[in-house]
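Text of the file my_file_29.cif, holding mmCIF, C-alpha atoms:
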```cif
data_start
loop_
_atom_site.label_atom_id
_atom_site.label_comp_id
_atom_site.auth_asym_id
_atom_site.auth_seq_id
_atom_site.Cartn_x
_atom_site.Cartn_y
_atom_site.Cartn_z
CA MET A 1 54.35 92.95 52.56
CA THR A 2 57.62 91.11 52.24
CA THR A 3 57.36 87.54 50.99
CA ILE A 4 59.93 85.03 52.20
CA SER A 5 61.00 82.43 49.66
CA LYS A 6 61.89 79.08 51.17
CA THR A 7 64.71 77.12 49.58
CA GLN A 8 63.66 73.62 48.59
CA ASN A 9 66.14 71.22 50.13
CA SER A 10 65.68 67.47 50.20
CA HIS A 11 67.39 67.24 53.58
CA LEU A 12 64.96 69.67 55.24
CA THR A 13 61.61 68.25 54.17
CA ASP A 14 60.76 66.81 57.59
CA THR A 15 57.91 68.64 59.30
CA THR A 16 59.85 68.62 62.57
CA LEU A 17 62.42 70.97 61.06
CA GLN A 18 59.98 73.49 59.58
CA PRO A 19 59.87 75.78 62.67
CA PHE A 20 63.69 76.06 62.60
CA LEU A 21 63.65 77.33 58.99
CA SER A 22 61.66 80.44 59.81
CA PRO A 23 63.70 83.69 59.88
CA TYR A 24 61.68 84.74 62.93
CA PHE A 25 62.45 81.57 64.91
CA SER A 26 62.35 82.05 68.68
CA PRO A 27 63.46 79.22 71.01
CA ILE A 28 61.11 80.36 73.77
CA ASP A 29 58.04 80.36 71.54
CA TYR A 30 59.05 77.02 70.05
CA LEU A 31 59.37 75.35 73.45
CA ASN A 32 56.11 76.86 74.65
CA ASN A 33 54.28 75.49 71.60
CA ALA A 34 56.01 72.10 71.44
CA LEU A 35 55.89 71.11 75.12
CA PRO A 36 52.57 70.45 76.86
CA LYS A 37 51.25 73.11 79.13
CA HIS A 38 51.52 72.39 82.83
CA GLN A 39 48.18 71.93 84.53
CA SER A 40 47.21 70.76 87.96
CA THR A 41 45.36 67.73 86.55
CA THR A 42 48.32 66.61 84.42
CA SER A 43 50.88 64.44 86.12
CA LEU A 44 54.55 65.30 85.89
CA SER A 45 55.41 61.83 84.63
CA ASN A 46 53.32 62.31 81.47
CA THR A 47 54.88 65.74 80.85
CA ALA A 48 58.39 64.34 81.34
CA SER A 49 57.64 61.45 78.97
CA GLN A 50 56.40 63.77 76.21
CA THR A 51 59.37 66.08 76.69
CA GLN A 52 61.80 63.16 76.48
CA THR A 53 60.14 61.93 73.28
CA HIS A 54 60.43 65.36 71.70
CA ILE A 55 64.07 65.68 72.70
CA SER A 56 64.84 62.24 71.24
CA THR A 57 63.24 63.26 67.94
CA LEU A 58 65.31 66.46 67.77
CA ALA A 59 68.48 64.52 68.67
CA ALA A 60 67.84 62.07 65.82
CA GLN A 61 67.35 64.94 63.36
CA THR A 62 70.54 66.62 64.59
CA SER A 63 72.52 63.40 64.15
CA ARG A 64 71.12 62.91 60.63
CA LEU A 65 71.91 66.47 59.57
CA SER A 66 75.42 66.26 61.07
CA THR A 67 76.11 63.10 59.06
CA THR A 68 74.81 64.74 55.88
CA LEU A 69 76.92 67.84 56.48
CA THR A 70 80.02 65.71 57.08
CA THR A 71 79.42 63.83 53.82
CA LEU A 72 78.96 67.03 51.81
CA THR A 73 82.06 68.59 53.36
CA ASP A 74 84.15 65.53 52.49
CA ASP A 75 82.89 65.72 48.91
CA ILE A 76 83.89 69.38 48.70
CA LEU A 77 87.36 68.68 50.06
CA ARG A 78 87.84 65.78 47.66
CA ALA A 79 86.87 68.04 44.77
CA SER A 80 89.42 70.68 45.79
CA SER A 81 92.23 68.96 43.87
CA ARG A 82 90.05 68.92 40.75
CA LEU A 83 89.31 72.60 41.21
CA ALA A 84 93.01 73.38 41.60
CA TYR A 85 93.74 71.52 38.35
CA GLU A 86 91.05 73.46 36.50
CA VAL A 87 92.37 76.74 37.88
CA GLU A 88 95.88 75.92 36.66
CA LEU A 89 94.45 74.96 33.27
CA LEU A 90 92.56 78.26 33.05
CA ARG A 91 95.69 80.14 34.08
CA GLY A 92 97.71 78.50 31.31
CA GLU A 93 95.08 79.30 28.71
CA ALA A 94 94.87 82.90 29.93
CA LEU A 95 98.65 83.30 29.70
CA SER A 96 98.64 81.85 26.21
CA LEU A 97 95.87 84.20 25.06
CA ALA A 98 97.57 87.21 26.67
CA ASP A 99 100.83 86.34 24.93
CA SER A 100 99.05 85.95 21.59
CA LEU A 101 97.38 89.36 21.93
CA SER A 102 100.55 91.14 23.01
CA SER A 103 102.71 93.21 20.68
CA ARG A 104 105.14 90.34 20.22
CA GLY A 105 102.42 87.71 19.69
CA ASP A 106 101.42 85.90 16.52
CA LEU A 107 98.20 87.90 16.13
CA ASN A 108 99.87 91.30 16.21
CA GLU A 109 100.49 91.42 12.45
CA HIS A 110 96.93 90.33 11.72
CA ILE A 111 95.56 92.99 14.05
CA LEU A 112 97.66 95.72 12.45
CA SER A 113 96.47 94.69 9.00
CA PHE A 114 92.97 95.97 9.80
CA VAL A 115 94.12 99.55 10.48
CA PRO A 116 97.57 100.03 8.98
CA ASP A 117 97.54 103.85 9.32
CA GLY A 118 95.80 104.02 12.71
CA LEU A 119 92.49 105.63 13.59
CA ASP A 120 91.60 109.23 12.83
CA THR A 121 90.77 110.53 16.31
CA SER A 122 89.65 113.95 15.02
CA LEU A 123 86.39 112.45 13.75
CA SER A 124 85.44 110.67 16.97
CA PRO A 125 82.52 112.23 18.89
CA THR A 126 83.63 113.91 22.08
CA ASP A 127 80.36 115.06 23.62
CA ALA A 128 77.55 112.68 24.44
CA PRO A 129 74.09 113.94 23.42
CA SER A 130 72.01 115.11 26.34
CA SER A 131 68.62 113.67 27.18
CA PRO A 132 65.74 115.36 25.28
CA THR A 133 63.68 115.53 28.50
CA SER A 134 66.35 117.25 30.56
CA PRO A 135 65.73 120.85 31.76
CA THR A 136 68.87 122.08 30.02
CA ARG A 137 67.72 120.70 26.72
CA ARG A 138 64.25 122.25 27.12
CA ARG A 139 65.71 125.67 27.93
CA GLN A 140 67.99 125.48 24.92
CA SER A 141 65.09 124.51 22.67
CA THR A 142 63.07 127.58 23.69
CA GLN A 143 65.89 129.99 22.86
CA PRO A 144 66.95 130.73 19.28
CA SER A 145 70.32 129.27 18.55
CA SER A 146 72.95 131.48 17.04
CA PRO A 147 74.59 130.21 13.86
CA ALA A 148 78.03 131.19 15.16
CA ARG A 149 77.62 129.18 18.36
CA THR A 150 76.14 126.08 16.76
CA ARG A 151 78.63 123.23 16.91
CA PRO A 152 78.59 120.93 13.88
CA ARG A 153 77.69 117.39 14.80
CA ALA A 154 80.20 114.71 14.06
CA PRO A 155 79.12 112.47 11.19
CA SER A 156 78.15 108.92 12.05
CA GLN A 157 79.95 105.89 10.71
CA SER A 158 77.38 105.42 7.95
CA GLN A 159 77.85 109.04 6.75
CA LEU A 160 81.64 108.83 6.58
CA PRO A 161 83.39 108.03 3.34
CA PRO A 162 84.46 104.39 2.95
CA GLU A 163 88.11 105.14 3.61
CA LYS A 164 87.25 106.82 6.95
CA GLN A 165 84.92 104.18 8.30
CA GLU A 166 86.12 101.86 11.04
CA PRO A 167 86.57 98.23 10.06
CA PRO A 168 83.91 95.96 11.59
CA ALA A 169 86.61 94.02 13.43
CA LEU A 170 87.60 96.96 15.66
CA PRO A 171 84.72 96.49 18.17
CA GLN A 172 85.74 92.85 18.47
CA LEU A 173 89.34 93.89 19.08
CA ARG A 174 88.19 96.28 21.82
CA THR A 175 86.26 93.42 23.38
CA LEU A 176 89.37 91.24 23.22
CA LEU A 177 91.37 94.03 24.86
CA HIS A 178 88.82 94.22 27.68
CA VAL A 179 88.94 90.44 28.07
CA ARG A 180 92.73 90.58 28.19
CA VAL A 181 92.65 93.16 31.00
CA GLN A 182 90.20 91.04 32.98
CA LEU A 183 92.27 87.89 32.45
CA GLN A 184 95.40 89.65 33.62
CA SER A 185 93.54 90.74 36.76
CA VAL A 186 92.39 87.16 37.38
CA ILE A 187 95.91 85.83 36.80
CA ARG A 188 97.35 88.36 39.23
CA ILE A 189 94.81 87.47 41.91
CA PHE A 190 95.38 83.72 41.53
CA ASN A 191 99.16 84.14 41.55
CA LEU A 192 98.85 86.06 44.80
CA ALA A 193 96.53 83.35 46.14
CA LEU A 194 99.04 80.63 45.25
CA SER A 195 101.74 82.55 47.13
CA PHE A 196 99.49 82.85 50.20
CA PRO A 197 99.33 79.33 51.71
CA MET A 198 98.35 78.81 55.30
CA PRO A 199 100.31 76.47 57.57
CA PRO A 200 98.25 73.60 59.01
CA SER A 201 98.93 74.80 62.56
CA LEU A 202 96.86 77.94 61.96
CA LEU A 203 93.96 75.98 60.48
CA THR A 204 93.43 73.65 63.45
CA THR A 205 91.49 76.34 65.33
CA THR A 206 88.59 76.17 62.88
CA THR A 207 87.52 72.60 63.73
CA SER A 208 84.08 72.00 65.20
CA ASN A 209 82.76 69.49 67.69
CA ILE A 210 79.53 68.93 65.73
CA ILE A 211 80.98 67.50 62.54
CA SER A 212 84.22 65.71 61.85
CA VAL A 213 85.97 66.82 58.68
CA ASN A 214 88.79 64.84 57.17
CA PRO A 215 91.07 67.45 55.57
CA PRO A 216 93.43 66.47 52.77
CA ASN A 217 96.72 65.09 53.98
CA ALA A 218 99.33 67.85 54.02
CA GLY A 219 102.89 67.15 53.01
CA PRO A 220 105.67 66.89 55.56
CA ASP A 221 106.99 70.34 54.60
CA ALA A 222 103.58 72.08 54.41
CA GLU A 223 104.09 73.77 57.77
CA ALA A 224 107.53 75.09 56.85
CA LYS A 225 106.37 76.31 53.44
CA GLY A 226 103.34 78.03 54.93
CA GLN A 227 105.34 79.79 57.63
CA ALA A 228 107.96 80.86 55.08
CA ALA A 229 105.28 82.27 52.77
CA LEU A 230 103.63 84.22 55.59
CA SER A 231 107.01 85.56 56.71
CA ARG A 232 107.76 86.64 53.16
CA LEU A 233 104.44 88.47 52.83
CA LYS A 234 104.96 90.12 56.22
CA GLN A 235 108.47 91.19 55.24
CA ASP A 236 107.14 92.67 51.98
CA VAL A 237 104.69 94.79 53.93
CA LEU A 238 107.45 95.90 56.35
CA ASP A 239 109.71 96.82 53.41
CA LEU A 240 106.93 98.88 51.86
CA LEU A 241 106.29 100.54 55.20
CA ALA A 242 110.00 101.32 55.68
CA ASP A 243 110.20 102.61 52.07
CA THR A 244 113.48 100.83 51.37
CA GLU A 245 113.30 101.81 47.69
CA GLY A 246 113.01 105.52 48.50
CA ARG A 247 109.89 106.00 46.37
CA GLY A 248 107.86 107.69 49.12
CA GLY A 249 104.36 106.89 50.30
CA GLY A 250 105.39 103.74 52.11
CA VAL A 251 102.39 103.73 54.44
CA GLU A 252 99.89 104.02 51.59
CA ARG A 253 101.59 101.27 49.58
CA ALA A 254 101.68 98.99 52.64
CA ARG A 255 97.98 99.54 53.22
CA ALA A 256 97.26 98.86 49.55
CA ARG A 257 99.18 95.58 49.83
CA ILE A 258 97.08 94.57 52.82
CA GLU A 259 93.89 95.38 50.89
CA GLU A 260 95.10 93.14 48.06
CA LEU A 261 95.58 90.28 50.52
CA ARG A 262 92.14 90.94 51.97
CA ASP A 263 90.59 90.83 48.49
CA VAL A 264 92.34 87.53 47.80
CA CYS A 265 90.72 86.05 50.94
CA VAL A 266 87.38 86.21 49.10
CA ILE A 267 88.49 83.11 47.15
CA TRP A 268 88.21 81.05 50.35
CA LYS A 269 84.88 82.54 51.39
CA GLY A 270 82.66 79.91 52.98
CA THR A 271 85.52 77.47 53.59
CA SER A 272 87.33 76.51 56.76
CA GLU A 273 90.34 78.68 55.80
CA GLU A 274 88.41 81.95 55.54
CA ARG A 275 88.50 82.78 59.24
CA ALA A 276 92.19 81.91 59.69
CA ARG A 277 93.26 84.01 56.69
CA ALA A 278 91.11 86.97 57.69
CA LYS A 279 92.52 86.79 61.23
CA TRP A 280 96.09 86.80 59.90
CA VAL A 281 95.39 89.79 57.62
CA ASP A 282 93.78 91.65 60.54
CA GLY A 283 96.91 91.04 62.60
CA LEU A 284 99.05 92.38 59.75
CA GLU A 285 96.89 95.49 59.54
CA ALA A 286 97.13 96.00 63.30
CA MET A 287 100.92 95.73 63.05
CA VAL A 288 101.00 98.47 60.39
CA LYS A 289 98.76 100.72 62.49
CA GLU A 290 101.00 100.21 65.53
CA GLU A 291 104.10 101.04 63.47
CA VAL A 292 102.46 104.21 62.13
CA ARG A 293 101.47 105.20 65.66
CA LYS A 294 105.07 104.73 66.89
CA ARG A 295 106.40 106.85 64.05
CA GLU A 296 103.96 109.64 64.87
CA GLU A 297 104.99 109.49 68.52
CA TRP A 298 108.69 109.57 67.63
CA ARG A 299 108.08 112.51 65.33
CA ARG A 300 106.29 114.45 68.07
CA ARG A 301 109.06 113.64 70.56
CA GLY A 302 111.67 114.81 68.07
CA GLN A 303 109.89 118.13 67.54
CA VAL A 304 109.53 118.71 71.29
CA GLY A 305 113.21 117.84 71.82
CA ALA A 306 114.30 120.27 69.12
CA VAL A 307 112.24 123.10 70.66
CA ASP A 308 113.68 122.38 74.13
CA GLY A 309 117.22 122.37 72.70
CA MET A 310 116.72 125.76 71.03
CA GLU A 311 115.35 127.27 74.25
CA GLY A 312 118.31 125.86 76.21
CA ARG A 313 120.77 127.40 73.77
CA ARG A 314 119.04 130.78 74.04
CA GLU A 315 119.14 130.69 77.84
CA GLY A 316 122.82 129.69 77.82
CA SER A 317 123.77 132.54 75.51
CA ALA A 318 121.80 135.01 77.61
CA VAL A 319 123.47 133.86 80.80
CA LYS A 320 126.86 134.00 79.14
CA GLY A 321 126.18 137.59 78.04
CA LEU A 322 125.13 138.73 81.53
CA ALA A 323 128.46 138.25 83.30
CA ASP A 324 129.44 139.59 86.73
CA PRO A 325 130.44 143.32 86.55
CA GLY A 326 133.28 142.71 89.02
CA GLU A 327 134.77 140.11 86.76
CA VAL A 328 134.57 142.52 83.82
CA LEU A 329 136.42 145.23 85.77
CA ARG A 330 139.06 142.79 87.00
CA SER A 331 139.64 141.37 83.57
CA GLY A 332 139.68 144.80 81.91
CA THR A 333 141.95 146.62 84.40
CA PRO A 334 145.39 145.74 82.86
CA GLY A 335 144.31 146.80 79.41
CA PHE A 336 142.93 150.11 80.70
CA LEU A 337 146.18 151.02 82.50
CA ARG A 338 148.26 150.10 79.47
CA ARG A 339 146.24 152.36 77.16
CA LEU A 340 146.46 155.23 79.72
CA ARG A 341 150.25 154.89 79.88
CA ASP A 342 150.62 154.94 76.10
CA GLU A 343 148.56 158.12 75.84
CA ILE A 344 150.75 159.85 78.46
CA TYR A 345 153.98 158.95 76.61
CA MET A 346 152.55 160.14 73.32
CA GLU A 347 151.77 163.58 74.78
#
```

Could I get this file's structure written as structure tokens?
Amino acid sequence: MTTISKTQNSHLTDTTLQPFLSPYFSPIDYLNNALPKHQSTTSLSNTASQTQTHISTLAAQTSRLSTTLTTLTDDILRASSRLAYEVELLRGEALSLADSLSSRGDLNEHILSFVPDGLDTSLSPTDAPSSPTSPTRRRQSTQPSSPARTRPRAPSQSQLPPEKQEPPALPQLRTLLHVRVQLQSVIRIFNLALSFPMPPSLLTTTTSNIISVNPPNAGPDAEAKGQAALSRLKQDVLDLLADTEGRGGGVERARARIEELRDVCVIWKGTSEERARAKWVDGLEAMVKEEVRKREEWRRRGQVGAVDGMEGRREGSAVKGLADPGEVLRSGTPGFLRRLRDEIYME
């Protein structure tokens, strides 16, 4: 039996709101249980009075929750500038760490001092040991192993001589390398997010009539910057689709670019900008699909036109070869008489 865990929220402790928190909430069942049943002995005025009281209670709860939601939303929007500052601070620290770990960084000489001659890759294990309970292992254990086919196991680090053992700092360096790759991925995503602003005109469609949200005041040039950024991203996708660099695979690279933009939209998940950004990315994807469809149609038309042209040329040559016999005789008569006269003079 599945148990449903209820989230403890101080704003939802009222007993009036408990039926609305159930995942199996049904408006019809709620109204049938909350409103008094109609009977012949009950007057309609009493039923209307109880119904009005219940509606007033629900209206008061709705007003209270709307005010609470408005306050929380304003707090989130006020904290957005703080979050942007912390993101920029993290980006600067990530860039500094990546530069320090690079080949031209300050730590490169210290890293090379651990393994001056490099690692001996011939001693690294290449095959992972199989599970002792696997069927393959059990079949191998029942058969006698041939000495010629037995592969010598690679010695562990503790069995290697001291000069062949890995320094203890190498696992930490591998961890740092993994951290560097992850930081570079985060930096790339946030750089793409910073170059993907939305103009305020596209965000006005996400307002609601239940709560009133006071968004941060946008600058006078926010609309122009947002439109310019969207135009630049759209032009990048069109350039990839047109394959202006001649690298090939323009459609695949354009689709990959759209997937990157869709992954970046996860940063705004749960905010008022999520729907507008997802809608814009969907429109960009639809544009690419329409362009691909037009290219396929043009390609099919070009192939059909080429086949029709070849058939027309064949028919023209055939018609040209089948000329009128009378024309052939008329055109060939002077030459025939001239050859006959030359033969007579020669004899």

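Straight-line separation from atom CA of A:Asp239 to atom CA of A:Glu252: 12.3 Å.
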
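Excluding A:Glu274 and any residue on its chain fewer than 3 positions from it, the residues at most 12 Å away by only C-alpha atoms are Pro197, Met198, Leu202, Leu203, Thr205, Thr206, Arg262, Asp263, Val264, Cys265, Val266, Ile267, Trp268, Lys269, Gly270, Thr271, Arg277, Ala278, Lys279, Trp280 and Val281 of chain A.
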
What would the file look like if the residues just selected were written as a tab-separated table (two decimals), in the frame of the given file with C-alpha atoms?
```tsv
chain	number	residue	atom	x	y	z
A	197	PRO	CA	99.33	79.33	51.71
A	198	MET	CA	98.35	78.81	55.30
A	202	LEU	CA	96.86	77.94	61.96
A	203	LEU	CA	93.96	75.98	60.48
A	205	THR	CA	91.49	76.34	65.33
A	206	THR	CA	88.59	76.17	62.88
A	262	ARG	CA	92.14	90.94	51.97
A	263	ASP	CA	90.59	90.83	48.49
A	264	VAL	CA	92.34	87.53	47.80
A	265	CYS	CA	90.72	86.05	50.94
A	266	VAL	CA	87.38	86.21	49.10
A	267	ILE	CA	88.49	83.11	47.15
A	268	TRP	CA	88.21	81.05	50.35
A	269	LYS	CA	84.88	82.54	51.39
A	270	GLY	CA	82.66	79.91	52.98
A	271	THR	CA	85.52	77.47	53.59
A	277	ARG	CA	93.26	84.01	56.69
A	278	ALA	CA	91.11	86.97	57.69
A	279	LYS	CA	92.52	86.79	61.23
A	280	TRP	CA	96.09	86.80	59.90
A	281	VAL	CA	95.39	89.79	57.62
```

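Interatomic distance, atom CA of A:Asp243 against atom CA of A:Ile187: 26.8 Å.
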
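In this structure, atom CA of A:Glu297 sits 17.4 Å away from atom CA of A:Gly250.
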
Running the PyMOL selection byres ((chain A and resi 96) around 12) on this model by hand, what would come out? Give it as a ChimeraX atom specification.
/A:89-95,97-102,105-107,180,183-184,187

Writing out the chosen residues with C-alpha atoms as a short mmCIF file (atom, residue, chain, number, x, y, z; two decimals), in the coordinates of the input:
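Contents of again.cif, freshly written:
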```
data_model
loop_
_atom_site.label_atom_id
_atom_site.label_comp_id
_atom_site.auth_asym_id
_atom_site.auth_seq_id
_atom_site.Cartn_x
_atom_site.Cartn_y
_atom_site.Cartn_z
CA LEU A 89 94.45 74.96 33.27
CA LEU A 90 92.56 78.26 33.05
CA ARG A 91 95.69 80.14 34.08
CA GLY A 92 97.71 78.50 31.31
CA GLU A 93 95.08 79.30 28.71
CA ALA A 94 94.87 82.90 29.93
CA LEU A 95 98.65 83.30 29.70
CA LEU A 97 95.87 84.20 25.06
CA ALA A 98 97.57 87.21 26.67
CA ASP A 99 100.83 86.34 24.93
CA SER A 100 99.05 85.95 21.59
CA LEU A 101 97.38 89.36 21.93
CA SER A 102 100.55 91.14 23.01
CA GLY A 105 102.42 87.71 19.69
CA ASP A 106 101.42 85.90 16.52
CA LEU A 107 98.20 87.90 16.13
CA ARG A 180 92.73 90.58 28.19
CA LEU A 183 92.27 87.89 32.45
CA GLN A 184 95.40 89.65 33.62
CA ILE A 187 95.91 85.83 36.80
#
```

I'd like to know which of A:Thr13, A:Thr73, A:Phe196, A:Arg64 is closest to A:Arg232, using all atoms listed in the file.
A:Phe196
